[in-house]
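A short write-up of the structure that comes next.
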Amino acid sequence: LQNVRIDPSSISFSMWKDIPVPFYMSVHFFEVLNPKEVLQGAKPVLNERGPFVYREFRYKTNITFHDNDTVSFLEYRKLFFQPHLSNGSEEEYIVVPNILMMGAAVMMENLPNFVKLLLSGALAGLKQEAFMNRTVGEIMWGYDDPLIDAINMIVPGLIPFKGKFGLFMEFNNSDSGLFTVNTGMKNISRVHIVDSWNGLKKVNYWRSNECNMINGTAGEMWPPFMSPTSLEFYSPDACRSMTLVYERSGKFKGVPTYRFVAPKTLFANGTDYPPNEGFCPCMQSGILNVSTCRLNAPMFISHPHFYNADPALVNAVEGLHPSKDHHALFLDVHPMTGIPMNCSIKLQLNLYIKQVSGIIQTGKIQPVVLPLLWFAESGSIEGSVLKQFYTNLVLIPSVLDYLQYIFLGLSIPLIISAAILM
């Protein structure tokens, strides 16, 4: 118990503070092969490109212990491109939707026609089109776009940022918010459980108290002596708490594990799974509308290739092949300590695009939730860390447990002998 508390003297503290597990983020882009036809109302044809692999380093700063058995911290992520592990370079060009333009068009759909005409004129003047040909590095880390200033001038506050635009600009060299979690010093069953995030006991993105709750841990470790039922964690990237369910028991390099996976209800809509009604307005099952925490942009997250989603989403485009082996997420956790041994968390980013009356650049695009990319954050304990973990938290307890039964077996004859002599 002492070794899994968040305490500088515990074995797991250094692992918790500076995660020694080599994490990798693999990004797969969906290239649109027929952009001109899509503008005329055709079904999008997609081709998956990648993976583009990044080594991910995580470390904590501002670690502050509090009197109420909690500790607060900021965790930072740094990503470094790994050419030798990637299928392509960051300089490769990919045809994708003009995310900023198409997102703004949908966001402005219900505004007065003269506003949309102003935007349409600005798009023409800036030579903006519905699809763009950008490099992987630009899409990931940002590119200068005069459209940002134009939109801010036409509809102030619609997109509250300036300068560059990139899907992962806020992901690299940034923190995931101020987490305050329980240390387990007084109650080990509460260790790693989130007390607050950015000072909040619950978020306000969603339409029900249940959906706004911050449940579980920060997604790094869980309380010890886990039961084979479920685990919860709060994900700032998904703006919500998520519950994974037990699938099976196994071993990772000799260490016993429980595997937890996403239930089919994780991204189900309110019709298929009523508790998720608070995450609506919903579309088909299998996609989560995250517009409320993404500047109101028409963004959705899902499993890659719309795995576990309504088949209508897969059939609306060509080129998707959902499968459990390639697209399901999982966590393998050592149940006695609550420490993950092996994991692969996979999510897909999608953009809702459609023809918007008054904005000629949207052509005759049919309404569709279009996959942009999917990424997997994967890591496993290995090397000297695995050896130390196995020795201290698996081998020694097993030997002690074995010796306990030996001593018990030896003591029984002594007890009987003593009884007879009495």
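Within each chain, counting starts at residue 1; across the structure tokens, chains are named A, B, ... in the order shown, with ligands numbered 1 upward in that order.
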
Skip range 87-99 of chain A itself and residues of its chain fewer than 5 positions away, then list as number ranges by chain all residues within 10 Å of it, counting only C-alpha atoms. A: 28-35, 46, 49-53, 81-82, 104-105, 128-140, 165-167, 297-299, 351-353, 370-373

Nearby residues (only C-alpha atoms) at most 10 Å from Asn212 in chain A, same-chain spacing under 4 positions excluded, as number ranges by chain: A: 201-208, 239-241, 278-279

I need the chosen residues saved as a PDB file, in the first residue's frame, with N, CA, C and O atoms.
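The file below, selection-v3.pdb, is the result:
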ATOM      1  N   LYS A 201     -15.095  21.103  -9.914  1.00  0.00           N
ATOM      2  CA  LYS A 201     -15.568  19.794  -9.481  1.00  0.00           C
ATOM      3  C   LYS A 201     -16.360  19.106 -10.591  1.00  0.00           C
ATOM      4  O   LYS A 201     -16.526  17.892 -10.599  1.00  0.00           O
ATOM      5  N   LYS A 202     -16.845  19.912 -11.525  1.00  0.00           N
ATOM      6  CA  LYS A 202     -17.522  19.386 -12.713  1.00  0.00           C
ATOM      7  C   LYS A 202     -17.383  20.422 -13.824  1.00  0.00           C
ATOM      8  O   LYS A 202     -17.156  21.607 -13.556  1.00  0.00           O
ATOM      9  N   VAL A 203     -17.500  19.978 -15.078  1.00  0.00           N
ATOM     10  CA  VAL A 203     -17.392  20.896 -16.203  1.00  0.00           C
ATOM     11  C   VAL A 203     -18.783  21.403 -16.583  1.00  0.00           C
ATOM     12  O   VAL A 203     -19.794  20.966 -16.003  1.00  0.00           O
ATOM     13  N   ASN A 204     -18.843  22.306 -17.534  1.00  0.00           N
ATOM     14  CA  ASN A 204     -20.142  22.850 -17.952  1.00  0.00           C
ATOM     15  C   ASN A 204     -20.331  22.765 -19.464  1.00  0.00           C
ATOM     16  O   ASN A 204     -21.020  23.582 -20.066  1.00  0.00           O
ATOM     17  N   TYR A 205     -19.691  21.750 -20.083  1.00  0.00           N
ATOM     18  CA  TYR A 205     -19.800  21.592 -21.525  1.00  0.00           C
ATOM     19  C   TYR A 205     -21.117  20.941 -21.941  1.00  0.00           C
ATOM     20  O   TYR A 205     -21.597  21.151 -23.048  1.00  0.00           O
ATOM     21  N   TRP A 206     -21.685  20.135 -21.047  1.00  0.00           N
ATOM     22  CA  TRP A 206     -22.775  19.250 -21.448  1.00  0.00           C
ATOM     23  C   TRP A 206     -24.105  19.630 -20.796  1.00  0.00           C
ATOM     24  O   TRP A 206     -24.161  20.518 -19.945  1.00  0.00           O
ATOM     25  N   ARG A 207     -25.170  18.915 -21.154  1.00  0.00           N
ATOM     26  CA  ARG A 207     -26.523  19.323 -20.786  1.00  0.00           C
ATOM     27  C   ARG A 207     -27.093  18.577 -19.577  1.00  0.00           C
ATOM     28  O   ARG A 207     -28.269  18.741 -19.261  1.00  0.00           O
ATOM     29  N   SER A 208     -26.296  17.757 -18.918  1.00  0.00           N
ATOM     30  CA  SER A 208     -26.783  17.080 -17.715  1.00  0.00           C
ATOM     31  C   SER A 208     -25.674  17.042 -16.676  1.00  0.00           C
ATOM     32  O   SER A 208     -24.485  17.045 -17.013  1.00  0.00           O
ATOM     33  N   CYS A 239     -12.988  16.200 -23.277  1.00  0.00           N
ATOM     34  CA  CYS A 239     -13.829  17.119 -22.487  1.00  0.00           C
ATOM     35  C   CYS A 239     -14.843  16.375 -21.624  1.00  0.00           C
ATOM     36  O   CYS A 239     -15.900  16.931 -21.288  1.00  0.00           O
ATOM     37  N   ARG A 240     -14.574  15.153 -21.244  1.00  0.00           N
ATOM     38  CA  ARG A 240     -15.549  14.381 -20.479  1.00  0.00           C
ATOM     39  C   ARG A 240     -14.870  13.227 -19.752  1.00  0.00           C
ATOM     40  O   ARG A 240     -13.712  12.866 -20.038  1.00  0.00           O
ATOM     41  N   SER A 241     -15.602  12.646 -18.822  1.00  0.00           N
ATOM     42  CA  SER A 241     -15.157  11.418 -18.177  1.00  0.00           C
ATOM     43  C   SER A 241     -15.541  10.234 -19.050  1.00  0.00           C
ATOM     44  O   SER A 241     -16.576  10.258 -19.722  1.00  0.00           O
ATOM     45  N   GLY A 278     -27.331  13.718 -22.386  1.00  0.00           N
ATOM     46  CA  GLY A 278     -26.710  14.971 -21.970  1.00  0.00           C
ATOM     47  C   GLY A 278     -25.581  15.418 -22.873  1.00  0.00           C
ATOM     48  O   GLY A 278     -25.180  16.591 -22.841  1.00  0.00           O
ATOM     49  N   PHE A 279     -25.025  14.505 -23.680  1.00  0.00           N
ATOM     50  CA  PHE A 279     -23.963  14.862 -24.619  1.00  0.00           C
ATOM     51  C   PHE A 279     -24.513  15.379 -25.950  1.00  0.00           C
ATOM     52  O   PHE A 279     -23.748  15.742 -26.832  1.00  0.00           O
TER      53      PHE A 279
END

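Going from CA of Pro304 in chain A to CA of Lys346 in chain A covers 6.8 Å.
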
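Here the question is which of A:Ser291, A:Asn187, A:Thr180, A:Thr337 gets nearest to Trp222 in chain A using only C-alpha atoms, and that residue is A:Thr337.
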
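The nearest approach to Lys253 in chain A among the residues A:Ile359, A:Val38, A:Cys293, A:Met341, with only C-alpha atoms taken into account, belongs to A:Met341.
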
Would you please extract all strand (DSSP E or B) residues from range 140-232 of chain A, as assigned by DSSP on the backbone, and give them as a ChimeraX atom specification? /A:143-144,164-165,174-182,193-197,200,202,213,217,230-232

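If only C-alpha atoms are the atoms counted, then among A:Gly270, A:Gly250, A:Pro311, A:Pro236 the closest residue to Val333 in chain A is A:Gly250.
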
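Distance annotation: of A:Ile6, A:Ile345, A:Ile63, A:Met25, the residue with the minimal separation from Met221 in chain A is A:Ile6; atom set is only C-alpha atoms.
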
Those in range 178-422 of chain A with helix (DSSP H, G or I) from DSSP, as a PyMOL selection string: chain A and resi 188-190+209-212+274-279+291-293+304-306+311-315+324-327+360-362+383-421

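Look at Ser378 in chain A: the protein and nucleic acid residues within 12 Å of it, using only C-alpha atoms and passing over chain neighbours fewer than 6 places away, are Val21, Pro22, Phe23, Tyr24, Met25, Ser26, Val27, Val53, Tyr54, Arg55, Glu56, Phe57, Leu329, Phe330, Leu331, Asp332, Pro340, Met341, Asn342, Cys343, Ser344, Ile345, Lys346 and Leu347 of chain A.
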
Near-Ala316 in chain A list (10 Å; only C-alpha atoms; drop same-chain fewer than 3 positions) as JSON, numbers by chain: {"A": [43, 44, 45, 311, 312, 313, 320, 366, 367, 368, 369, 370]}

Give me a file of those residues, with N, CA, C and O atoms, as a compact mmCIF listing (two decimals), in the first residue's frame.
# COMPACT_ATOMS: atom_id res chain seq x y z
N LYS A 43 -20.05 11.24 -53.16
CA LYS A 43 -19.58 10.67 -51.90
C LYS A 43 -18.06 10.81 -51.80
O LYS A 43 -17.35 10.49 -52.76
N PRO A 44 -17.53 11.27 -50.65
CA PRO A 44 -16.07 11.39 -50.50
C PRO A 44 -15.39 10.03 -50.56
O PRO A 44 -15.86 9.05 -49.97
N VAL A 45 -14.29 9.99 -51.30
CA VAL A 45 -13.45 8.78 -51.37
C VAL A 45 -12.17 9.09 -50.60
O VAL A 45 -11.45 10.04 -50.93
N PRO A 311 -23.50 2.00 -38.91
CA PRO A 311 -22.96 1.70 -40.25
C PRO A 311 -23.21 2.82 -41.26
O PRO A 311 -22.47 2.95 -42.24
N ALA A 312 -24.22 3.66 -41.01
CA ALA A 312 -24.51 4.77 -41.94
C ALA A 312 -23.32 5.72 -42.03
O ALA A 312 -23.08 6.32 -43.09
N LEU A 313 -22.56 5.89 -40.95
CA LEU A 313 -21.39 6.76 -40.97
C LEU A 313 -20.30 6.19 -41.86
O LEU A 313 -19.63 6.93 -42.60
N LEU A 320 -13.24 3.36 -45.66
CA LEU A 320 -13.13 3.00 -44.25
C LEU A 320 -13.31 1.50 -44.06
O LEU A 320 -14.15 0.87 -44.72
N GLN A 366 -22.78 17.34 -49.93
CA GLN A 366 -23.82 16.68 -49.16
C GLN A 366 -23.41 16.62 -47.68
O GLN A 366 -22.22 16.47 -47.36
N PRO A 367 -24.37 16.74 -46.76
CA PRO A 367 -24.02 16.66 -45.34
C PRO A 367 -23.34 15.34 -45.00
O PRO A 367 -23.87 14.27 -45.31
N VAL A 368 -22.17 15.42 -44.38
CA VAL A 368 -21.43 14.21 -44.03
C VAL A 368 -20.47 14.51 -42.89
O VAL A 368 -19.89 15.60 -42.81
N VAL A 369 -20.34 13.55 -41.99
CA VAL A 369 -19.31 13.63 -40.95
C VAL A 369 -18.05 13.02 -41.55
O VAL A 369 -17.95 11.81 -41.73
N LEU A 370 -17.09 13.88 -41.88
CA LEU A 370 -15.93 13.46 -42.65
C LEU A 370 -14.72 13.24 -41.74
O LEU A 370 -14.28 14.15 -41.05

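Taking CA of Ser357 in chain A and CA of Met102 in chain A as endpoints, the distance between them is 12.5 Å.
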
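Once Asp67 in chain A and its same-chain neighbours fewer than 4 positions away are set aside, A:Val71, A:Ser72, A:Asn182, A:Thr183, A:Met185, A:Lys186 remain within 12 Å of it when counting only C-alpha atoms.
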
How would the residues just chosen look if you wrote them out with C-alpha atoms as a PDB file, in the first residue's frame?
ATOM      1  CA  VAL A  71      -1.778  16.919  -4.645  1.00  0.00           C
ATOM      2  CA  SER A  72      -2.055  19.251  -7.619  1.00  0.00           C
ATOM      3  CA  ASN A 182      -6.034  12.233  -3.949  1.00  0.00           C
ATOM      4  CA  THR A 183      -2.688  10.982  -2.645  1.00  0.00           C
ATOM      5  CA  MET A 185      -2.128   8.781   2.346  1.00  0.00           C
ATOM      6  CA  LYS A 186      -5.259   8.552   4.497  1.00  0.00           C
TER       7      LYS A 186
END

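Candidate residues A:Lys264, A:Ala376, A:Gln40, A:Ile154 were compared for distance to Lys116 in chain A, and the nearest is A:Ile154, using only C-alpha atoms.
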